[in-house]
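Peer 1: If you scroll down you'll find the structure; I have some questions about it.
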Amino acid sequence: MVRRNRKPRADRVPASRRDMRRAGIVLSALLVLSAVAAIAIWQRGGEPEDQARKFVETLVREPQATEKLRALANRDAGDPQGLLSGMPARIAVRYLRAREAQGATLKFSARGIQRPEERRRIVVVYAITSVAGVTETGEVRLQVLLTADAGGWRIDGVSAGD
């Protein structure tokens with residue numbers, strides 16, 4: 001029995017090229033799935049940090065949106081403004097409203113989180129104020145206390161940060 005060495009035909013794609021094409025298709029599919037998963041996680045918004053940030057931002061920008069604030073606080077009744085505990089928190093929120101009315105840009109971010117207990121979180125929400133053409137910026141910190149219950153995270157209070 002004689003073996004003949006077969007030479008690849010000119011019109012035939014070598015196996016290594018086919019393998020590379022398949023690997024490229026699989027890699028592209030994985031990248032698309034990863035991007036979809038990342039977007040889904042990013043838009044989920046069920047994390048206490050995101051909930052606290054949205055609540056404080058809405059409290060400052062839309063104080064009359066009671067139903068929206070109740071939904072963000074995960075509360076059925078009561079005045080969301082009543083969640084501001086103490087005069088310093090009320091003054092901080094009024095200050096941010098006044099700065100925005102004067103044309104300052106406000107940026108909200110939740111940067112700090114404490115876990116005093118398993119079902120409780122304290123999230124520090126930073127509101128950074130800046131004015132176009134002015135190099136000085138201001139920073140206001142508000143602490144949001146959240147408690148986990150069957151319906152998700154419930155906001156129990158907002159106080160002025162240290």
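If you're wondering about the labels, chains in the structure tokens are A, B, ... by order shown, residues count from 1 in each chain, ligands from 1 in order shown.
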Check the DSSP output for the backbone and give back, as an MDAnalysis selection string, the residues of stretch 55-125 of chain A in helix (DSSP H, G or I).

Peer 2: chainID A and resid 55:61 66:73 80:83 87:101

Peer 1: Can you spit out the residues from that selection as a PDB file, in the first residue's frame, using C-alpha atoms?

Peer 2:
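Result went into again-v1.pdb, see below:
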```pdb
ATOM      1  CA  PHE A  55     -33.660  59.003  45.600  1.00  0.00           C
ATOM      2  CA  VAL A  56     -31.400  61.888  46.635  1.00  0.00           C
ATOM      3  CA  GLU A  57     -31.202  63.189  43.070  1.00  0.00           C
ATOM      4  CA  THR A  58     -34.995  63.116  42.718  1.00  0.00           C
ATOM      5  CA  LEU A  59     -35.425  64.672  46.181  1.00  0.00           C
ATOM      6  CA  VAL A  60     -33.281  67.609  45.067  1.00  0.00           C
ATOM      7  CA  ARG A  61     -34.466  67.995  41.463  1.00  0.00           C
ATOM      8  CA  THR A  66     -44.183  62.443  45.686  1.00  0.00           C
ATOM      9  CA  GLU A  67     -45.215  59.195  43.982  1.00  0.00           C
ATOM     10  CA  LYS A  68     -41.848  58.807  42.282  1.00  0.00           C
ATOM     11  CA  LEU A  69     -40.058  59.450  45.571  1.00  0.00           C
ATOM     12  CA  ARG A  70     -42.283  56.922  47.360  1.00  0.00           C
ATOM     13  CA  ALA A  71     -41.507  54.330  44.702  1.00  0.00           C
ATOM     14  CA  LEU A  72     -37.766  54.989  45.000  1.00  0.00           C
ATOM     15  CA  ALA A  73     -37.974  54.821  48.795  1.00  0.00           C
ATOM     16  CA  PRO A  80     -40.852  61.399  51.370  1.00  0.00           C
ATOM     17  CA  GLN A  81     -39.621  64.781  52.637  1.00  0.00           C
ATOM     18  CA  GLY A  82     -40.151  63.370  56.132  1.00  0.00           C
ATOM     19  CA  LEU A  83     -37.262  60.963  55.526  1.00  0.00           C
ATOM     20  CA  MET A  87     -31.978  70.235  60.220  1.00  0.00           C
ATOM     21  CA  PRO A  88     -28.550  69.680  58.577  1.00  0.00           C
ATOM     22  CA  ALA A  89     -30.065  67.285  56.011  1.00  0.00           C
ATOM     23  CA  ARG A  90     -32.899  69.694  55.208  1.00  0.00           C
ATOM     24  CA  ILE A  91     -30.438  72.572  54.820  1.00  0.00           C
ATOM     25  CA  ALA A  92     -28.184  70.473  52.571  1.00  0.00           C
ATOM     26  CA  VAL A  93     -31.082  69.600  50.259  1.00  0.00           C
ATOM     27  CA  ARG A  94     -32.289  73.223  50.146  1.00  0.00           C
ATOM     28  CA  TYR A  95     -28.730  74.366  49.417  1.00  0.00           C
ATOM     29  CA  LEU A  96     -28.471  71.951  46.467  1.00  0.00           C
ATOM     30  CA  ARG A  97     -31.829  73.120  45.105  1.00  0.00           C
ATOM     31  CA  ALA A  98     -30.731  76.746  45.390  1.00  0.00           C
ATOM     32  CA  ARG A  99     -27.381  76.074  43.697  1.00  0.00           C
ATOM     33  CA  GLU A 100     -29.138  74.361  40.787  1.00  0.00           C
ATOM     34  CA  ALA A 101     -31.620  77.264  40.515  1.00  0.00           C
TER      35      ALA A 101
END
```

Peer 1: If you run DSSP on the backbone, which residues of chain A are strand (DSSP E or B), as a ChimeraX atom specification?

Peer 2: /A:84,105-117,120-130,138-149,152-160

Peer 1: To one decimal place in Å, what is the distance between atom CA of A:Ser159 and atom CA of A:Ala77?

Peer 2: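 Atom CA of A:Ala77 lies 20.1 Å from atom CA of A:Ser159.
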
Peer 1: Excluding A:Thr105 and its own-chain neighbours fewer than 2 positions away, which residues fall within 10 Å of it when counting only C-alpha atoms? Please give them as a list of chain:residue names.

Peer 2: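 In the requested format, the answer is A:Leu96, A:Arg99, A:Glu100, A:Ala101, A:Gln102, A:Gly103, A:Lys107, A:Ala127, A:Ile128, A:Thr129, A:Ser130, A:Val131, A:Ala132, A:Thr137.
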
Peer 1: From the options A:Ile122, A:Val134, A:Ala65, A:Ala52, which residue's atoms come nearest to A:Ala110, counting only C-alpha atoms?

Peer 2: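 For A:Ala110, the nearest of the candidates is A:Ala52.
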
Peer 1: I'd like the interatomic distance between atom CA of A:Arg154 and atom CA of A:Asn74, to a tenth of an Å.

Peer 2: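 It comes out at 5.0 Å.
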
Peer 1: With a distance cut-off of 12 Å and only C-alpha atoms, select the neighbouring residues of A:Glu47, excluding the residue or stretch itself and same-chain residues fewer than 4 positions from it, and output the selection as a list in words.

Peer 2: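 Close residues of A:Glu47: Ile41, Trp42, Gln43, Gln51, Ala52, Arg53, Lys54, Leu72, Ala110, Ile113, Arg121, Val123, Leu146, Thr147, Ala148, Gly152, Trp153 and Arg154 of chain A.
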
Peer 1: Hey, which of A:Ser85, A:Ser34, A:Ser109, A:Gln114 ends up closest to A:Arg141? Count only C-alpha atoms.

Peer 2: A:Ser109

Peer 1: For a test of reading the model, state the distance in Å between atom CA of A:Ile155 and atom CA of A:Gln64, rounded to one decimal.

Peer 2: 17.9 Å

Peer 1: For A:Glu118, which residue out of A:Glu139, A:Arg18, A:Gly133, A:Asp149 is the nearest one, using only C-alpha atoms?

Peer 2: A:Asp149
